[in-house]
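Containing mmCIF, C-alpha atoms: final21.cif.
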data_input
loop_
_atom_site.label_atom_id
_atom_site.label_comp_id
_atom_site.auth_asym_id
_atom_site.auth_seq_id
_atom_site.Cartn_x
_atom_site.Cartn_y
_atom_site.Cartn_z
CA MET V 46 0.92 24.26 0.95
CA LYS V 47 3.86 22.41 2.52
CA SER V 48 7.24 24.16 2.67
CA ASP V 49 10.20 22.85 0.67
CA GLY V 50 11.80 21.60 3.90
CA GLU V 51 8.69 19.63 4.88
CA GLN V 52 8.41 18.13 1.40
CA ARG V 53 12.08 17.07 1.46
CA ALA V 54 11.56 15.51 4.89
CA GLY V 55 8.43 13.77 3.60
CA LEU V 56 10.37 12.41 0.63
CA LEU V 57 13.04 11.02 2.96
CA TYR V 58 10.37 9.46 5.20
CA GLY V 59 8.75 7.88 2.15
CA ILE V 60 12.05 6.49 0.88
CA GLY V 61 12.73 5.18 4.39
CA ALA V 62 9.34 3.47 4.60
CA TYR V 63 9.44 1.78 1.21
CA GLY V 64 13.16 1.09 1.58
CA MET V 65 12.53 -0.81 4.82
CA TRP V 66 9.66 -2.74 3.22
CA GLY V 67 11.94 -3.50 0.28
CA LEU V 68 14.82 -4.76 2.42
CA VAL V 69 12.73 -6.82 4.85
CA PRO V 70 13.50 -10.09 2.95
CA LEU V 71 16.94 -9.84 4.55
CA PHE V 72 15.37 -10.04 8.01
CA TRP V 73 13.05 -13.07 7.88
CA PRO V 74 15.81 -15.66 7.17
CA LEU V 75 17.59 -14.49 10.34
CA LEU V 76 14.71 -15.98 12.34
CA LYS V 77 15.32 -19.55 11.25
CA PRO V 78 14.89 -22.24 12.54
CA SER V 79 11.54 -20.68 13.48
CA GLY V 80 8.83 -21.62 10.99
CA ALA V 81 6.68 -19.12 9.13
CA ALA V 82 3.68 -19.68 11.42
CA GLU V 83 5.70 -19.07 14.59
CA ILE V 84 7.33 -15.96 13.09
CA LEU V 85 3.89 -14.68 12.07
CA ALA V 86 2.51 -15.19 15.58
CA HIS V 87 5.46 -13.36 17.12
CA ARG V 88 4.98 -10.53 14.62
CA MET V 89 1.37 -10.12 15.72
CA VAL V 90 2.14 -10.19 19.43
CA TRP V 91 5.17 -7.90 19.39
CA SER V 92 3.59 -5.47 16.93
CA LEU V 93 0.79 -4.82 19.42
CA VAL V 94 3.39 -4.24 22.16
CA VAL V 95 5.37 -1.74 20.05
CA VAL V 96 2.30 0.11 18.75
CA GLY V 97 0.80 0.19 22.25
CA ILE V 98 3.96 1.85 23.60
CA ALA V 99 3.88 4.38 20.73
CA LEU V 100 0.23 5.26 21.38
CA LEU V 101 0.93 5.53 25.11
CA ALA V 102 3.78 7.96 24.43
CA LEU V 103 1.60 10.00 22.06
CA LYS V 104 -1.43 9.81 24.41
CA ARG V 105 -3.71 8.83 21.54
CA TRP V 106 -6.41 6.70 23.13
CA GLY V 107 -9.64 8.58 22.37
CA TRP V 108 -10.25 6.67 19.13
CA ILE V 109 -10.76 3.38 21.03
CA ARG V 110 -13.98 4.55 22.70
CA GLU V 111 -15.29 5.86 19.39
CA LEU V 112 -14.39 2.65 17.58
CA ILE V 113 -16.13 0.40 20.12
CA ARG V 114 -19.37 2.32 19.50
CA GLN V 115 -19.24 1.48 15.76
CA PRO V 116 -19.83 -2.26 15.17
CA ARG V 117 -19.53 -1.85 11.39
CA LYS V 118 -16.03 -0.40 11.71
CA LEU V 119 -15.07 -3.13 14.14
CA GLY V 120 -16.27 -5.71 11.64
CA LEU V 121 -14.24 -4.12 8.85
CA ILE V 122 -11.13 -4.03 11.05
CA THR V 123 -11.64 -7.74 11.80
CA VAL V 124 -11.73 -8.41 8.05
CA ALA V 125 -8.59 -6.27 7.61
CA ALA V 126 -6.84 -8.22 10.38
CA ALA V 127 -7.75 -11.55 8.74
CA VAL V 128 -6.60 -10.43 5.28
CA ILE V 129 -3.30 -8.96 6.46
CA THR V 130 -2.66 -12.16 8.44
CA VAL V 131 -2.83 -14.09 5.17
CA ASN V 132 -0.59 -11.52 3.48
CA TRP V 133 2.05 -11.54 6.22
CA GLY V 134 2.05 -15.32 6.53
CA ILE V 135 2.40 -15.98 2.80
CA TYR V 136 5.13 -13.36 2.47
CA ILE V 137 7.22 -14.73 5.36
CA TRP V 138 6.85 -18.27 4.03
CA ALA V 139 7.72 -17.17 0.47
CA VAL V 140 10.91 -15.38 1.52
CA ASN V 141 12.12 -18.21 3.73
CA SER V 142 11.27 -20.80 1.05
CA GLY V 143 13.27 -19.15 -1.75
CA HIS V 144 10.46 -17.30 -3.56
CA VAL V 145 11.57 -13.69 -3.07
CA VAL V 146 11.25 -12.80 -6.77
CA GLU V 147 7.73 -14.23 -6.96
CA ALA V 148 6.82 -12.34 -3.79
CA SER V 149 8.11 -9.10 -5.32
CA LEU V 150 5.88 -9.72 -8.34
CA GLY V 151 2.86 -9.66 -6.02
CA TYR V 152 3.60 -6.06 -5.04
CA PHE V 153 4.37 -5.08 -8.63
CA ILE V 154 0.93 -6.22 -9.79
CA ASN V 155 -0.87 -4.97 -6.67
CA PRO V 156 -1.76 -1.55 -8.26
CA LEU V 157 -3.27 -3.36 -11.25
CA VAL V 158 -5.32 -5.63 -8.97
CA THR V 159 -6.48 -2.58 -7.00
CA ILE V 160 -7.71 -0.95 -10.21
CA ALA V 161 -9.48 -4.15 -11.30
CA MET V 162 -11.20 -4.40 -7.91
CA GLY V 163 -12.29 -0.78 -8.21
CA VAL V 164 -14.01 -1.60 -11.50
CA LEU V 165 -15.61 -4.84 -10.32
CA LEU V 166 -16.60 -3.86 -6.78
CA LEU V 167 -16.91 -0.07 -6.78
CA LYS V 168 -18.12 0.30 -10.40
CA GLU V 169 -15.35 2.78 -11.16
CA ARG V 170 -14.76 3.83 -14.77
CA LEU V 171 -11.30 3.49 -16.24
CA ARG V 172 -9.51 5.69 -18.71
CA PRO V 173 -8.22 4.00 -21.91
CA MET V 174 -4.62 3.90 -20.66
CA GLN V 175 -5.73 2.23 -17.42
CA TRP V 176 -7.58 -0.43 -19.44
CA ALA V 177 -4.39 -0.97 -21.47
CA ALA V 178 -2.37 -1.37 -18.27
CA VAL V 179 -4.79 -3.93 -16.79
CA ALA V 180 -4.87 -5.91 -20.05
CA THR V 181 -1.05 -5.91 -20.21
CA GLY V 182 -0.95 -7.08 -16.58
CA CYS V 183 -3.29 -9.98 -17.39
CA ALA V 184 -1.03 -10.93 -20.32
CA ALA V 185 1.96 -10.84 -17.95
CA VAL V 186 0.26 -13.24 -15.51
CA LEU V 187 -0.51 -15.60 -18.41
CA VAL V 188 3.13 -15.54 -19.60
CA LEU V 189 4.37 -16.15 -16.04
CA ALA V 190 1.89 -19.00 -15.57
CA ILE V 191 3.35 -20.66 -18.66
CA GLY V 192 6.86 -20.02 -17.36
CA TYR V 193 6.17 -21.42 -13.88
CA GLY V 194 4.05 -24.28 -15.20
CA GLN V 195 1.19 -23.04 -13.02
CA PRO V 196 -0.33 -19.66 -12.07
CA PRO V 197 1.98 -17.58 -9.84
CA TRP V 198 -0.12 -18.29 -6.74
CA ILE V 199 2.23 -16.57 -4.30
CA SER V 200 2.18 -13.34 -6.31
CA LEU V 201 -1.58 -13.44 -6.87
CA THR V 202 -2.33 -14.19 -3.21
CA LEU V 203 -0.10 -11.35 -2.03
CA ALA V 204 -1.54 -8.93 -4.59
CA PHE V 205 -5.20 -9.75 -3.94
CA SER V 206 -4.85 -9.90 -0.15
CA PHE V 207 -3.06 -6.54 -0.01
CA ALA V 208 -5.52 -4.94 -2.45
CA THR V 209 -8.41 -6.19 -0.30
CA TYR V 210 -6.66 -4.87 2.79
CA GLY V 211 -6.30 -1.45 1.15
CA LEU V 212 -9.98 -1.44 0.14
CA VAL V 213 -11.11 -2.28 3.68
CA LYS V 214 -8.74 0.28 5.22
CA LYS V 215 -10.16 2.94 2.92
CA LYS V 216 -13.63 2.22 4.26
CA VAL V 217 -12.46 2.17 7.91
CA ASN V 218 -10.60 5.50 7.51
CA ILE V 219 -8.57 5.69 10.73
CA GLY V 220 -4.88 6.52 11.23
CA GLY V 221 -2.09 4.08 10.47
CA LEU V 222 -0.92 3.50 14.05
CA GLU V 223 -4.48 3.29 15.34
CA SER V 224 -5.45 0.86 12.60
CA LEU V 225 -2.43 -1.38 13.23
CA ALA V 226 -3.18 -1.33 16.97
CA ALA V 227 -6.78 -2.39 16.38
CA GLU V 228 -5.80 -5.11 13.90
CA THR V 229 -3.05 -6.57 16.08
CA ALA V 230 -5.38 -6.43 19.11
CA ILE V 231 -7.71 -8.74 17.18
CA GLN V 232 -4.78 -10.96 16.17
CA PHE V 233 -3.19 -10.95 19.64
CA LEU V 234 -5.14 -13.66 21.50
CA PRO V 235 -5.07 -16.27 18.69
CA ALA V 236 -1.37 -15.55 18.12
CA LEU V 237 -0.54 -15.76 21.83
CA GLY V 238 -2.58 -18.94 22.15
CA PHE V 239 -0.64 -20.49 19.27
CA LEU V 240 2.71 -19.54 20.83
CA LEU V 241 1.65 -20.99 24.19
CA TRP V 242 0.57 -24.19 22.44
CA LEU V 243 3.98 -24.39 20.73
CA GLY V 244 5.58 -23.93 24.16
CA THR V 245 3.63 -26.75 25.79
CA ASP V 246 4.20 -28.93 22.72
CA GLY V 247 7.95 -28.40 23.04
CA SER V 248 8.34 -27.10 19.46
CA ALA V 249 8.69 -23.38 20.26
CA THR V 250 12.00 -21.83 19.27
CA PHE V 251 11.66 -18.67 21.37
CA GLY V 252 14.37 -18.88 24.04
CA ALA V 253 15.59 -22.25 22.79
CA HIS V 254 18.27 -20.78 20.54
CA GLY V 255 19.77 -18.13 22.76
CA ALA V 256 18.97 -14.57 23.72
CA GLY V 257 19.95 -13.22 20.29
CA HIS V 258 17.35 -15.29 18.49
CA ALA V 259 14.70 -14.35 21.07
CA ALA V 260 15.57 -10.66 20.59
CA LEU V 261 15.21 -11.02 16.83
CA LEU V 262 11.76 -12.56 17.23
CA ALA V 263 10.77 -9.69 19.53
CA ALA V 264 12.15 -7.23 16.95
CA THR V 265 9.42 -8.31 14.51
CA GLY V 266 7.23 -5.71 16.21
CA VAL V 267 9.69 -2.92 15.38
CA VAL V 268 10.16 -4.25 11.83
CA THR V 269 6.38 -4.02 11.37
CA ALA V 270 5.78 -0.64 13.02
CA ALA V 271 8.85 1.39 11.94
CA PRO V 272 8.07 1.62 8.19
CA LEU V 273 4.43 2.35 9.00
CA VAL V 274 5.44 5.32 11.16
CA CYS V 275 7.69 6.63 8.36
CA PHE V 276 4.90 6.14 5.85
CA GLY V 277 2.49 8.11 8.02
CA ALA V 278 5.02 10.94 8.31
CA ALA V 279 5.49 10.94 4.51
CA ALA V 280 1.78 10.84 3.72
CA ILE V 281 1.10 14.18 5.42
CA ARG V 282 4.07 15.93 3.79
CA VAL V 283 4.22 14.87 0.14
CA PRO V 284 1.57 14.64 -2.61
CA LEU V 285 -0.22 11.35 -3.16
CA SER V 286 1.29 11.16 -6.66
CA THR V 287 4.78 11.14 -5.14
CA LEU V 288 3.83 8.34 -2.74
CA GLY V 289 2.40 6.44 -5.70
CA LEU V 290 5.79 6.54 -7.41
CA LEU V 291 7.71 5.69 -4.23
CA GLN V 292 5.64 2.54 -3.70
CA TYR V 293 7.55 0.83 -6.52
CA LEU V 294 10.78 1.06 -4.51
CA ALA V 295 9.77 -1.86 -2.28
CA PRO V 296 9.18 -4.49 -5.00
CA VAL V 297 12.22 -3.21 -6.96
CA PHE V 298 14.45 -3.79 -3.91
CA GLN V 299 12.85 -7.18 -3.29
CA PHE V 300 13.31 -8.20 -6.94
CA LEU V 301 16.97 -7.18 -6.92
CA LEU V 302 17.57 -9.02 -3.64
CA GLY V 303 15.95 -12.13 -5.07
CA ILE V 304 18.26 -12.14 -8.08
CA LEU V 305 21.50 -10.68 -6.75
CA TYR V 306 21.53 -11.81 -3.10
CA PHE V 307 19.38 -14.95 -2.99
CA HIS V 308 20.43 -16.00 -6.53
CA GLU V 309 16.97 -17.13 -7.61
CA ALA V 310 16.54 -18.38 -11.17
CA MET V 311 15.15 -16.01 -13.82
CA PRO V 312 14.63 -17.91 -17.11
CA ALA V 313 13.63 -16.01 -20.25
CA GLU V 314 9.87 -16.51 -19.83
CA ARG V 315 9.98 -14.94 -16.36
CA TRP V 316 11.91 -11.95 -17.70
CA ALA V 317 9.22 -11.64 -20.39
CA GLY V 318 6.45 -11.72 -17.78
CA PHE V 319 8.16 -9.16 -15.58
CA ALA V 320 8.81 -6.94 -18.62
CA LEU V 321 5.08 -6.94 -19.38
CA VAL V 322 4.30 -6.05 -15.75
CA TRP V 323 6.77 -3.16 -15.87
CA LEU V 324 5.24 -1.98 -19.17
CA ALA V 325 1.79 -2.02 -17.55
CA LEU V 326 3.07 -0.04 -14.56
CA THR V 327 4.77 2.47 -16.89
CA CYS V 328 1.45 3.04 -18.68
CA LEU V 329 -0.34 3.37 -15.36
CA THR V 330 2.20 5.82 -13.95
CA TRP V 331 2.27 7.94 -17.11
CA ASP V 332 -1.53 8.14 -17.12
CA ALA V 333 -1.63 9.08 -13.42
CA LEU V 334 0.98 11.83 -13.85
CA ARG V 335 -0.77 13.22 -16.95
CA THR V 336 -4.13 13.24 -15.15
CA ALA V 337 -2.58 14.93 -12.11
CA ARG V 338 -1.03 17.65 -14.32
CA ARG V 339 -4.34 18.27 -16.08
CA THR V 340 -6.20 18.43 -12.78
CA LYS V 341 -3.64 20.85 -11.35
CA ALA V 342 -3.86 23.05 -14.47
CA ALA V 343 -7.66 23.08 -14.28
CA LEU V 344 -7.54 24.05 -10.61
CA ARG V 345 -5.10 26.89 -11.40
CA LEU V 346 -7.38 28.22 -14.16
CA ALA V 347 -10.41 28.03 -11.86
CA ALA V 348 -8.53 29.86 -9.11
CA ALA V 349 -7.40 32.56 -11.58
CA ALA V 350 -10.96 32.98 -12.82
CA ARG V 351 -12.25 33.36 -9.27
CA ALA V 352 -9.52 35.91 -8.48
CA ALA V 353 -10.32 37.89 -11.64
CA ALA V 354 -14.02 37.89 -10.80
CA ALA V 355 -13.29 39.08 -7.27
CA ALA V 356 -11.02 41.88 -8.54
CA ALA V 357 -13.49 43.15 -11.17
CA PRO V 358 -15.23 46.48 -10.25
CA ALA V 359 -18.79 46.23 -9.08
CA PRO V 360 -21.42 47.48 -11.60
CA SER V 361 -22.37 51.15 -11.15
CA SER V 362 -25.73 51.94 -9.60
CA VAL V 363 -26.20 55.03 -11.84
CA PRO V 364 -28.77 54.20 -14.52
CA THR V 365 -27.35 54.15 -18.03
CA PRO V 366 -29.11 56.14 -20.75
CA ALA V 367 -31.30 54.21 -23.16
CA PRO V 368 -29.61 53.50 -26.51
CA ALA V 369 -30.54 55.61 -29.52
CA PRO V 370 -33.06 54.08 -31.94
CA ALA V 371 -31.39 51.83 -34.50
CA LEU V 372 -31.18 53.21 -38.00
CA ALA V 373 -31.63 49.78 -39.54
CA PRO V 374 -33.68 46.75 -38.44
CA GLN V 375 -31.75 44.18 -36.35
CA THR V 376 -31.58 40.53 -37.46
CA GLU V 377 -32.56 37.64 -35.20
CA PRO V 378 -29.60 35.76 -33.66
CA THR V 379 -28.99 32.39 -35.26
CA ALA V 380 -29.28 29.24 -33.17
#

Just dump the structure as structure tokens.
Amino acid sequence: MKSDGEQRAGLLYGIGAYGMWGLVPLFWPLLKPSGAAEILAHRMVWSLVVVGIALLALKRWGWIRELIRQPRKLGLITVAAAVITVNWGIYIWAVNSGHVVEASLGYFINPLVTIAMGVLLLKERLRPMQWAAVATGCAAVLVLAIGYGQPPWISLTLAFSFATYGLVKKKVNIGGLESLAAETAIQFLPALGFLLWLGTDGSATFGAHGAGHAALLAATGVVTAAPLVCFGAAAIRVPLSTLGLLQYLAPVFQFLLGILYFHEAMPAERWAGFALVWLALTCLTWDALRTARRTKAALRLAAAARAAAAAAPAPSSVPTPAPAPALAPQTEPTA
């Protein structure tokens, strides 16, 4: 059981992690005139540098030898690296192309997509409220498709790629820093090769727009690793249910930035679609909290029963006298 101080610290770490993820749309436009592909490549390269320094400082290298001996895990990490590359690239392009609100929608519907994938791929069984949430989410996508004149491809790509990434990470089951190091190590050579090609082609922006711009491109590694470190610190200090609620901070911040800072249009049909998504997430959250309370209550009752059984006196070894003969015949017990 974590102390109150640790839980408060964990809550602050969690708010910091999801707050940084929520405010990151403010950062990517600072990197213009770099294109999304160049920013993505720099993010891969500098993330490996930052995570490598962190692992060196923590002296956490033993997992590499173990990972190399497990080809299946290496394959899964390669899949994770490919999927998160798509996610990062689409997100950077969406923000710098004026689609912050649509990008935020992707992370709003991500929990619903994760549940749907659990049913389809892992044969998980849903509770009635979860079914209602998924159905409401599907209705929201339909309303938004009508509003946009086409399916919200940015949102769906972000949601499905991140849900797939989470599924693969669950199967790999290694720490956050270690996982990011392995993934960016796989991304590193293609990303570096692309940056070198841009340099020889004369279209690279790194160094061509002053030291400040070059420093911002290098800072993509810190922007990637810092929230992950805070998330890891939160995950070991607060309950999973609390993290589940905190995860909505990021898309809420992104949505508000899209409307209030980037002044993106929100016609009535988009408000209707978002309202349905928020209704679905409310159902999902209420069901998760109710299930967690019931599970906690059942665990408390089981613990009390075990304590009562342990405290009960042991049966006496002295033989008890035989009962006196009954004065009237006994009836058979009914079934």

key: Shortest interatomic distance to V:Val322 - which of V:Tyr293, V:Trp66, V:Trp73, V:Phe239, counting all atoms listed in the file   = V:Tyr293

task = Give me the result of the PyMOL selection byres ((chain V and resi 262-270) around 9) on this file, residue by residue, as number ranges by chain.
result = V: 65-66, 69, 72-73, 76, 79, 84-85, 87-96, 222, 225, 251, 257-261, 271-275

ask   = Selected by the PyMOL selection byres ((chain V and resi 74) around 10) in the shown coordinates: which residues, as a ChimeraX atom specification?
value = /V:69-73,75-81,137-138,140-143

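We find atom CA of V:Tyr193 and atom CA of V:Phe205 to be spaced 19.1 Å apart.
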
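Computed from the coordinates, the atom CA of V:Tyr306 to atom CA of V:Ser149 distance equals 13.9 Å.
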